[in-house]
$ cat coords.cif   # mmCIF, C-alpha atoms
data_target
#
loop_
_atom_site.label_atom_id
_atom_site.label_comp_id
_atom_site.auth_asym_id
_atom_site.auth_seq_id
_atom_site.Cartn_x
_atom_site.Cartn_y
_atom_site.Cartn_z
CA MET A 1 55.99 56.17 36.08
CA LYS A 2 55.58 52.78 37.73
CA LEU A 3 53.04 51.61 40.25
CA THR A 4 54.40 51.19 43.72
CA SER A 5 54.81 47.75 45.21
CA LEU A 6 52.11 48.68 47.71
CA LYS A 7 49.72 49.28 44.90
CA TYR A 8 50.50 45.92 43.36
CA LEU A 9 49.89 44.36 46.75
CA LEU A 10 46.48 45.97 47.00
CA PHE A 11 45.56 44.74 43.57
CA ALA A 12 46.89 41.27 44.31
CA LEU A 13 44.75 41.04 47.44
CA PRO A 14 41.21 41.95 46.33
CA ALA A 15 39.81 41.57 49.83
CA LEU A 16 42.06 44.38 51.05
CA GLY A 17 41.19 46.51 48.04
CA PHE A 18 37.49 46.03 48.59
CA THR A 19 37.68 47.24 52.16
CA ALA A 20 39.61 50.29 50.96
CA CYS A 21 36.91 51.25 48.44
CA ASP A 22 34.69 54.20 49.17
CA ASN A 23 31.29 52.79 50.14
CA ILE A 24 29.30 55.92 50.99
CA ASP A 25 25.88 55.80 49.34
CA ALA A 26 25.75 58.02 46.23
CA ASP A 27 22.54 59.73 47.38
CA ASP A 28 24.27 60.80 50.61
CA ARG A 29 27.23 62.28 48.75
CA PHE A 30 25.34 64.54 46.33
CA ILE A 31 24.22 67.96 47.56
CA GLU A 32 22.13 70.05 45.20
CA THR A 33 23.39 73.63 44.87
CA GLU A 34 22.63 76.68 42.78
CA PRO A 35 23.49 76.28 39.08
CA VAL A 36 26.98 77.38 38.13
CA ILE A 37 27.61 79.41 34.97
CA PRO A 38 30.13 77.22 33.14
CA GLY A 39 33.22 78.79 31.63
CA ARG A 40 34.46 75.51 30.16
CA THR A 41 33.79 71.81 29.72
CA VAL A 42 35.25 69.56 32.41
CA LEU A 43 36.84 66.13 31.97
CA LEU A 44 36.09 63.61 34.71
CA GLU A 45 38.26 60.47 34.53
CA ASP A 46 36.77 57.61 36.52
CA PHE A 47 39.30 54.86 37.23
CA THR A 48 37.25 51.73 37.60
CA GLY A 49 37.18 47.98 37.14
CA GLN A 50 34.69 45.19 36.62
CA ASN A 51 35.89 43.48 39.80
CA CYS A 52 35.71 46.63 41.94
CA ARG A 53 32.76 45.99 44.25
CA ASN A 54 32.14 49.65 45.13
CA CYS A 55 32.76 51.16 41.70
CA PRO A 56 29.05 51.05 40.72
CA ASP A 57 28.53 53.70 43.43
CA ALA A 58 30.92 55.95 41.50
CA HIS A 59 29.01 55.26 38.28
CA LYS A 60 25.86 56.50 40.03
CA GLU A 61 27.74 59.57 41.22
CA ILE A 62 28.69 60.37 37.64
CA GLU A 63 25.06 60.20 36.54
CA LEU A 64 24.06 62.61 39.32
CA ILE A 65 26.79 65.05 38.30
CA LYS A 66 25.75 64.84 34.65
CA GLU A 67 22.13 65.45 35.61
CA GLN A 68 23.19 68.71 37.21
CA HIS A 69 25.71 69.95 34.65
CA GLY A 70 24.75 68.17 31.41
CA ASP A 71 27.21 68.21 28.53
CA ASN A 72 29.51 70.59 30.40
CA VAL A 73 30.89 67.47 32.09
CA ILE A 74 32.50 64.69 30.04
CA ALA A 75 32.96 61.45 31.95
CA VAL A 76 35.28 58.67 30.83
CA SER A 77 35.44 55.37 32.69
CA VAL A 78 38.98 54.03 32.42
CA HIS A 79 39.17 50.35 33.36
CA ALA A 80 42.57 49.65 34.89
CA GLY A 81 44.63 47.86 37.48
CA GLY A 82 43.97 44.71 39.45
CA PHE A 83 40.21 45.24 39.45
CA GLY A 84 40.08 45.41 35.64
CA ILE A 85 39.39 42.58 33.20
CA SER A 86 41.56 42.83 30.10
CA VAL A 87 39.91 43.11 26.73
CA ASN A 88 42.21 40.28 25.70
CA SER A 89 40.26 37.98 28.05
CA THR A 90 37.04 38.49 26.08
CA ASN A 91 35.18 35.42 24.87
CA PHE A 92 31.91 36.39 23.23
CA GLU A 93 30.79 32.77 23.00
CA THR A 94 30.67 32.56 26.80
CA ASP A 95 29.52 36.18 27.29
CA TYR A 96 32.76 37.01 29.07
CA VAL A 97 33.63 40.56 28.04
CA GLY A 98 36.67 42.47 29.35
CA LEU A 99 36.82 46.26 29.14
CA MET A 100 40.38 47.12 30.20
CA GLN A 101 42.48 48.53 27.37
CA PRO A 102 46.32 48.51 27.44
CA GLU A 103 46.36 52.31 27.84
CA GLY A 104 44.24 52.05 30.99
CA ASP A 105 47.12 50.86 33.14
CA GLU A 106 49.37 53.57 31.71
CA TYR A 107 46.89 56.27 32.70
CA ASP A 108 46.40 54.65 36.08
CA SER A 109 50.18 54.54 36.62
CA ARG A 110 50.34 58.30 36.06
CA TYR A 111 48.86 58.76 39.53
CA ASN A 112 51.02 57.26 42.30
CA THR A 113 48.38 58.23 44.86
CA LEU A 114 45.55 56.32 43.19
CA GLN A 115 45.40 53.37 45.56
CA THR A 116 41.80 53.27 46.81
CA TRP A 117 38.85 52.68 44.53
CA PRO A 118 36.64 54.13 43.21
CA ALA A 119 38.76 57.20 42.49
CA GLY A 120 39.32 59.64 39.68
CA THR A 121 40.50 63.04 38.57
CA VAL A 122 38.80 66.23 37.45
CA ASN A 123 40.68 67.97 34.65
CA ARG A 124 43.70 65.82 35.57
CA GLY A 125 44.12 67.42 38.95
CA SER A 126 44.84 65.47 42.11
CA THR A 127 43.22 62.06 42.60
CA LEU A 128 39.92 62.19 44.45
CA ASN A 129 37.53 59.72 46.00
CA SER A 130 34.18 59.80 44.23
CA ASP A 131 32.49 61.70 47.09
CA SER A 132 34.68 64.71 46.19
CA TRP A 133 33.96 64.75 42.47
CA ALA A 134 30.85 66.96 42.54
CA THR A 135 32.61 69.80 44.35
CA ALA A 136 35.72 69.55 42.16
CA VAL A 137 33.59 69.60 39.00
CA ARG A 138 31.68 72.64 40.19
CA ASN A 139 34.88 74.52 41.00
CA ALA A 140 36.42 73.64 37.64
CA LEU A 141 33.35 74.71 35.70
CA SER A 142 33.50 78.20 37.15
CA THR A 143 36.89 78.98 35.55
CA GLU A 144 37.20 80.38 32.03
CA ALA A 145 38.91 78.32 29.34
CA GLU A 146 41.57 79.86 27.11
CA ILE A 147 40.74 77.55 24.23
CA ALA A 148 37.63 76.30 22.46
CA ILE A 149 37.46 72.92 20.70
CA ASP A 150 35.02 72.15 17.91
CA ILE A 151 34.84 68.51 16.88
CA GLU A 152 32.88 66.49 14.34
CA ALA A 153 32.97 62.74 13.77
CA ALA A 154 31.27 60.57 11.17
CA PRO A 155 31.66 57.05 9.80
CA SER A 156 33.27 56.55 6.40
CA ALA A 157 31.07 55.47 3.51
CA ASP A 158 31.76 51.79 4.20
CA LYS A 159 31.55 52.36 7.99
CA SER A 160 34.95 50.77 8.52
CA THR A 161 36.49 53.95 9.97
CA ILE A 162 35.47 57.04 11.90
CA GLU A 163 36.64 60.30 10.35
CA ILE A 164 37.25 63.12 12.83
CA THR A 165 37.72 66.85 12.24
CA SER A 166 38.85 69.10 15.09
CA THR A 167 39.24 72.86 15.20
CA LEU A 168 41.20 74.38 18.08
CA ARG A 169 40.55 78.08 18.76
CA PRO A 170 42.91 79.48 21.42
CA SER A 171 42.48 82.88 23.03
CA ALA A 172 46.02 82.74 24.47
CA ASN A 173 49.38 81.34 23.46
CA LEU A 174 49.38 77.72 24.62
CA LYS A 175 51.75 74.77 24.55
CA GLY A 176 50.49 71.32 25.45
CA ARG A 177 49.09 68.12 24.03
CA TYR A 178 45.89 67.41 22.13
CA GLN A 179 44.29 64.08 22.99
CA LEU A 180 41.55 62.13 21.20
CA TRP A 181 39.82 59.15 22.79
CA MET A 182 37.03 56.83 21.74
CA THR A 183 34.38 55.94 24.30
CA GLU A 184 31.35 53.69 24.10
CA ASP A 185 28.00 53.53 25.93
CA ASN A 186 25.58 50.68 26.55
CA ILE A 187 28.14 47.88 26.75
CA VAL A 188 26.59 44.87 28.49
CA ALA A 189 29.23 43.05 30.52
CA ARG A 190 29.80 41.66 34.00
CA GLN A 191 30.39 43.89 37.02
CA ARG A 192 30.87 43.24 40.70
CA ASP A 193 28.48 45.28 42.84
CA GLY A 194 28.95 44.68 46.53
CA SER A 195 28.52 40.97 47.13
CA LYS A 196 26.76 40.45 43.80
CA LEU A 197 28.05 39.63 40.34
CA ILE A 198 25.85 41.34 37.77
CA ARG A 199 26.40 39.61 34.45
CA ASP A 200 24.29 42.03 32.39
CA TYR A 201 25.50 45.31 33.88
CA VAL A 202 25.27 48.26 31.46
CA HIS A 203 28.59 50.12 31.24
CA ASN A 204 28.63 53.67 29.91
CA HIS A 205 31.29 56.13 28.72
CA VAL A 206 33.85 53.32 28.65
CA PHE A 207 37.32 54.19 27.39
CA ARG A 208 37.86 52.14 24.20
CA GLY A 209 41.16 53.47 22.92
CA ALA A 210 43.43 56.44 22.25
CA ILE A 211 43.08 57.71 18.70
CA ASN A 212 46.21 59.84 18.40
CA GLY A 213 48.65 58.07 20.69
CA THR A 214 48.50 57.20 24.38
CA TRP A 215 49.40 60.76 25.41
CA GLY A 216 48.12 62.64 22.37
CA GLU A 217 50.14 64.93 20.13
CA GLU A 218 52.24 67.90 21.17
CA MET A 219 51.05 71.26 19.88
CA THR A 220 51.99 74.92 20.18
CA LEU A 221 49.04 77.24 19.65
CA THR A 222 49.01 80.97 18.96
CA SER A 223 46.29 83.22 20.32
CA GLY A 224 43.65 83.94 17.68
CA VAL A 225 45.04 81.40 15.20
CA HIS A 226 42.75 78.45 14.54
CA SER A 227 44.16 74.98 13.91
CA THR A 228 42.16 72.31 12.07
CA LEU A 229 43.18 68.66 12.37
CA SER A 230 41.94 65.47 10.72
CA HIS A 231 42.16 61.98 12.21
CA SER A 232 40.86 58.56 11.28
CA VAL A 233 40.32 55.51 13.48
CA ALA A 234 39.35 52.01 12.41
CA VAL A 235 36.12 50.62 13.87
CA ARG A 236 37.07 47.56 15.90
CA ASN A 237 35.03 44.48 15.09
CA ASN A 238 36.99 41.37 15.97
CA GLU A 239 37.05 38.45 18.38
CA LYS A 240 37.88 40.74 21.32
CA GLU A 241 35.95 43.95 20.61
CA ARG A 242 32.76 44.79 18.80
CA TRP A 243 32.23 48.52 18.64
CA ASP A 244 28.67 49.70 18.04
CA VAL A 245 28.97 52.86 15.97
CA ASN A 246 25.62 54.10 17.32
CA ASN A 247 27.05 54.11 20.85
CA LEU A 248 30.46 55.66 20.14
CA THR A 249 31.60 59.12 21.21
CA VAL A 250 34.87 60.86 20.43
CA VAL A 251 36.30 62.74 23.42
CA ALA A 252 38.85 65.48 22.83
CA PHE A 253 40.87 67.53 25.28
CA PHE A 254 43.85 69.86 25.34
CA TYR A 255 46.10 69.64 28.38
CA ASP A 256 49.44 70.78 29.75
CA GLU A 257 51.36 70.28 32.99
CA THR A 258 48.67 72.20 34.90
CA GLY A 259 45.85 69.91 33.78
CA VAL A 260 43.10 69.87 31.16
CA LEU A 261 42.49 73.32 29.68
CA GLN A 262 39.40 72.38 27.68
CA ALA A 263 37.46 69.30 26.62
CA ALA A 264 34.84 68.47 24.00
CA LYS A 265 32.98 65.48 22.66
CA ALA A 266 31.08 64.40 19.56
CA LYS A 267 28.68 61.56 19.05
CA ILE A 268 29.25 59.74 15.78
CA SER A 269 27.08 61.50 13.22
CA ASP A 270 24.58 59.63 11.06
CA THR A 271 26.04 61.46 8.09
CA THR A 272 28.83 59.45 6.52
CA SER A 273 32.08 60.98 5.41
CA PRO A 274 32.71 60.96 1.67
CA ALA A 275 34.66 58.01 0.32
CA GLU A 276 38.30 58.66 -0.40
#
$ encode --input "coords.cif" --output "structure tokens"
Amino acid sequence: MKLTSLKYLLFALPALGFTACDNIDADDRFIETEPVIPGRTVLLEDFTGQNCRNCPDAHKEIELIKEQHGDNVIAVSVHAGGFGISVNSTNFETDYVGLMQPEGDEYDSRYNTLQTWPAGTVNRGSTLNSDSWATAVRNALSTEAEIAIDIEAAPSADKSTIEITSTLRPSANLKGRYQLWMTEDNIVARQRDGSKLIRDYVHNHVFRGAINGTWGEEMTLTSGVHSTLSHSVAVRNNEKERWDVNNLTVVAFFYDETGVLQAAKAKISDTTSPAE
């Protein structure tokens, strides 16, 4: 699916994009409600960019949502589009760090309607402005999942790879795709915030790469039959990326054409995996 020419035009003209961004104060968007009894874990994809002047408001919205729902909400900030800075532009010597991965534009292109920023999706439903995320998350949490995902992740003995074990436990017959992503917290890099350029902005839950392919792996699951999978991903430490193992999280989700059916995450354990 390709971006429309209109979307390219918006990205090519940042001034127009900035005026299109949602600029409602985060505190005015968040309404505290009675706790919901979660029936699943929800995936919130935040499409963002270091040159998006209003995207920090969406980052604040995410923190408010997480404060209310805790680990039942998994947020991933996907840097993409004309507001993103490619990881290939990184120059550590000049403290110029880009956070946009190649997959980011592919995920962004999946949504033809994603033309104003900040925006995102909840469980891969329709694209929403950030002021609608809290309600969408609450509604999604109240539905029961037909699959549970258990996931563990630990560095190898030499800390050059992350070894991941997943167990999928469906309570219905399901056909879809299983996706694994790597995310990272506490990345210090530049970010536009209104009229300011913050050079030491702290970026959290940043999408760092797809572990098992851009769109995951196709699976057919049988009710009551558990499936255990093993994956390995190399820790990136090069001239463009320097992953900090202490700040990495593996995000997992199972999805089909209706959206994300269940999500899970695992911080990288201090316990190393045995050497091969």
$ closest_residue --input "coords.cif" --among "A:Ala134, A:Ala58, A:Met100, A:Ala75" --to "A:Lys240" --atoms "all atoms listed in the file"
A:Met100
$ closest_residue --input "coords.cif" --among "A:Ile268, A:Ala234, A:Ala263, A:Val76" --to "A:Thr161" --atoms "all atoms listed in the file"
A:Ala234
$ atom_distance --input "coords.cif" --atom1 "atom CA of A:Thr228" --atom2 "atom CA of A:Glu163"
13.3 Å
$ closest_residue --input "coords.cif" --among "A:Trp117, A:Trp181, A:Phe83, A:Phe92" --to "A:Lys267" --atoms "all atoms listed in the file"
A:Trp181
$ closest_atom_pairs --input "coords.cif" --of "stretch 171-259 of chain A" --to "stretch 119-124 of chain A" --cutoff "12 Å" --atoms "all atoms listed in the file" --output "CSV"
residue,atom,partner,partner_atom,distance
A:Phe253,CA,A:Asn123,CA,9.4
A:Phe254,CA,A:Asn123,CA,10.0
A:Tyr255,CA,A:Asn123,CA,8.5
A:Asp256,CA,A:Arg124,CA,9.6
A:Glu257,CA,A:Arg124,CA,9.2
A:Thr258,CA,A:Arg124,CA,8.1
A:Gly259,CA,A:Arg124,CA,5.0
$ residues_around --input "coords.cif" --residues "A:Asp244" --least-positions-apart "6" --cutoff "9 Å" --atoms "all atoms listed in the file" --output "list in words"
Glu184, Asp185, Ile187, Val235, Arg236 and Asn237 of chain A
$ closest_residue --input "coords.cif" --among "A:Val97, A:Met182, A:Ser269, A:Gly125" --to "A:Tyr111" --atoms "only C-alpha atoms"
A:Gly125
$ closest_residue --input "coords.cif" --among "A:Asn246, A:Asn173, A:Ser77, A:Asn88" --to "A:Pro56" --atoms "all atoms listed in the file"
A:Ser77
$ resolve_selection --input "coords.cif" --expression "the PyMOL selection byres ((chain A and resi 118) around 9)" --output "PyMOL selection string"
chain A and resi 21-23+46-49+52+54-58+116-117+119-120+128-130
$ build_atoms --input "coords.cif" --residues "stretch 125-136 of chain A" --atoms "all heavy atoms" --output "mmCIF file, in the coordinates of the input"
data_model
loop_
_atom_site.group_PDB
_atom_site.id
_atom_site.type_symbol
_atom_site.label_atom_id
_atom_site.label_comp_id
_atom_site.auth_asym_id
_atom_site.auth_seq_id
_atom_site.Cartn_x
_atom_site.Cartn_y
_atom_site.Cartn_z
ATOM 1 N N GLY A 125 43.563 66.895 37.717
ATOM 2 C CA GLY A 125 44.120 67.420 38.950
ATOM 3 C C GLY A 125 44.495 66.272 39.861
ATOM 4 O O GLY A 125 44.789 65.160 39.406
ATOM 5 N N SER A 126 44.482 66.509 41.155
ATOM 6 C CA SER A 126 44.840 65.470 42.110
ATOM 7 C C SER A 126 43.775 64.373 42.131
ATOM 8 O O SER A 126 42.622 64.598 41.757
ATOM 9 C CB SER A 126 44.991 66.065 43.511
ATOM 10 O OG SER A 126 43.778 66.685 43.920
ATOM 11 N N THR A 127 44.172 63.166 42.545
ATOM 12 C CA THR A 127 43.220 62.060 42.600
ATOM 13 C C THR A 127 42.253 62.272 43.763
ATOM 14 O O THR A 127 42.630 62.714 44.845
ATOM 15 C CB THR A 127 43.951 60.714 42.766
ATOM 16 O OG1 THR A 127 44.762 60.767 43.940
ATOM 17 C CG2 THR A 127 44.809 60.428 41.560
ATOM 18 N N LEU A 128 40.990 61.933 43.492
ATOM 19 C CA LEU A 128 39.920 62.190 44.450
ATOM 20 C C LEU A 128 39.049 60.955 44.607
ATOM 21 O O LEU A 128 38.771 60.251 43.621
ATOM 22 C CB LEU A 128 39.040 63.348 43.973
ATOM 23 C CG LEU A 128 39.710 64.703 43.734
ATOM 24 C CD1 LEU A 128 38.755 65.626 42.990
ATOM 25 C CD2 LEU A 128 40.145 65.322 45.059
ATOM 26 N N ASN A 129 38.582 60.694 45.810
ATOM 27 C CA ASN A 129 37.530 59.720 46.000
ATOM 28 C C ASN A 129 36.245 60.267 45.375
ATOM 29 O O ASN A 129 36.059 61.484 45.267
ATOM 30 C CB ASN A 129 37.316 59.423 47.481
ATOM 31 C CG ASN A 129 38.493 58.690 48.088
ATOM 32 O OD1 ASN A 129 39.191 57.948 47.399
ATOM 33 N ND2 ASN A 129 38.722 58.900 49.373
ATOM 34 N N SER A 130 35.350 59.378 45.002
ATOM 35 C CA SER A 130 34.180 59.800 44.230
ATOM 36 C C SER A 130 33.270 60.757 45.001
ATOM 37 O O SER A 130 32.516 61.513 44.388
ATOM 38 C CB SER A 130 33.380 58.577 43.780
ATOM 39 O OG SER A 130 33.017 57.768 44.878
ATOM 40 N N ASP A 131 33.337 60.773 46.339
ATOM 41 C CA ASP A 131 32.490 61.700 47.090
ATOM 42 C C ASP A 131 32.977 63.139 46.979
ATOM 43 O O ASP A 131 32.272 64.053 47.411
ATOM 44 C CB ASP A 131 32.388 61.276 48.555
ATOM 45 C CG ASP A 131 33.727 61.167 49.257
ATOM 46 O OD1 ASP A 131 34.764 61.224 48.563
ATOM 47 O OD2 ASP A 131 33.747 61.025 50.487
ATOM 48 N N SER A 132 34.150 63.353 46.378
ATOM 49 C CA SER A 132 34.680 64.710 46.190
ATOM 50 C C SER A 132 34.514 65.220 44.767
ATOM 51 O O SER A 132 34.841 66.374 44.474
ATOM 52 C CB SER A 132 36.163 64.761 46.575
ATOM 53 O OG SER A 132 36.356 64.398 47.919
ATOM 54 N N TRP A 133 34.022 64.370 43.875
ATOM 55 C CA TRP A 133 33.960 64.750 42.470
ATOM 56 C C TRP A 133 33.019 65.935 42.220
ATOM 57 O O TRP A 133 33.339 66.841 41.445
ATOM 58 C CB TRP A 133 33.509 63.570 41.612
ATOM 59 C CG TRP A 133 34.499 62.463 41.537
ATOM 60 C CD1 TRP A 133 35.782 62.456 42.002
ATOM 61 C CD2 TRP A 133 34.284 61.162 40.967
ATOM 62 N NE1 TRP A 133 36.388 61.243 41.757
ATOM 63 C CE2 TRP A 133 35.494 60.442 41.128
ATOM 64 C CE3 TRP A 133 33.204 60.551 40.349
ATOM 65 C CZ2 TRP A 133 35.634 59.130 40.674
ATOM 66 C CZ3 TRP A 133 33.339 59.244 39.900
ATOM 67 C CH2 TRP A 133 34.546 58.537 40.060
ATOM 68 N N ALA A 134 31.852 65.923 42.830
ATOM 69 C CA ALA A 134 30.850 66.960 42.540
ATOM 70 C C ALA A 134 31.397 68.346 42.846
ATOM 71 O O ALA A 134 31.219 69.282 42.056
ATOM 72 C CB ALA A 134 29.574 66.689 43.332
ATOM 73 N N THR A 135 32.052 68.504 43.992
ATOM 74 C CA THR A 135 32.610 69.800 44.350
ATOM 75 C C THR A 135 33.730 70.205 43.405
ATOM 76 O O THR A 135 33.814 71.362 42.963
ATOM 77 C CB THR A 135 33.138 69.765 45.798
ATOM 78 O OG1 THR A 135 32.056 69.495 46.688
ATOM 79 C CG2 THR A 135 33.779 71.093 46.176
ATOM 80 N N ALA A 136 34.601 69.246 43.060
ATOM 81 C CA ALA A 136 35.720 69.550 42.160
ATOM 82 C C ALA A 136 35.206 69.941 40.774
ATOM 83 O O ALA A 136 35.739 70.858 40.139
ATOM 84 C CB ALA A 136 36.654 68.353 42.060
#
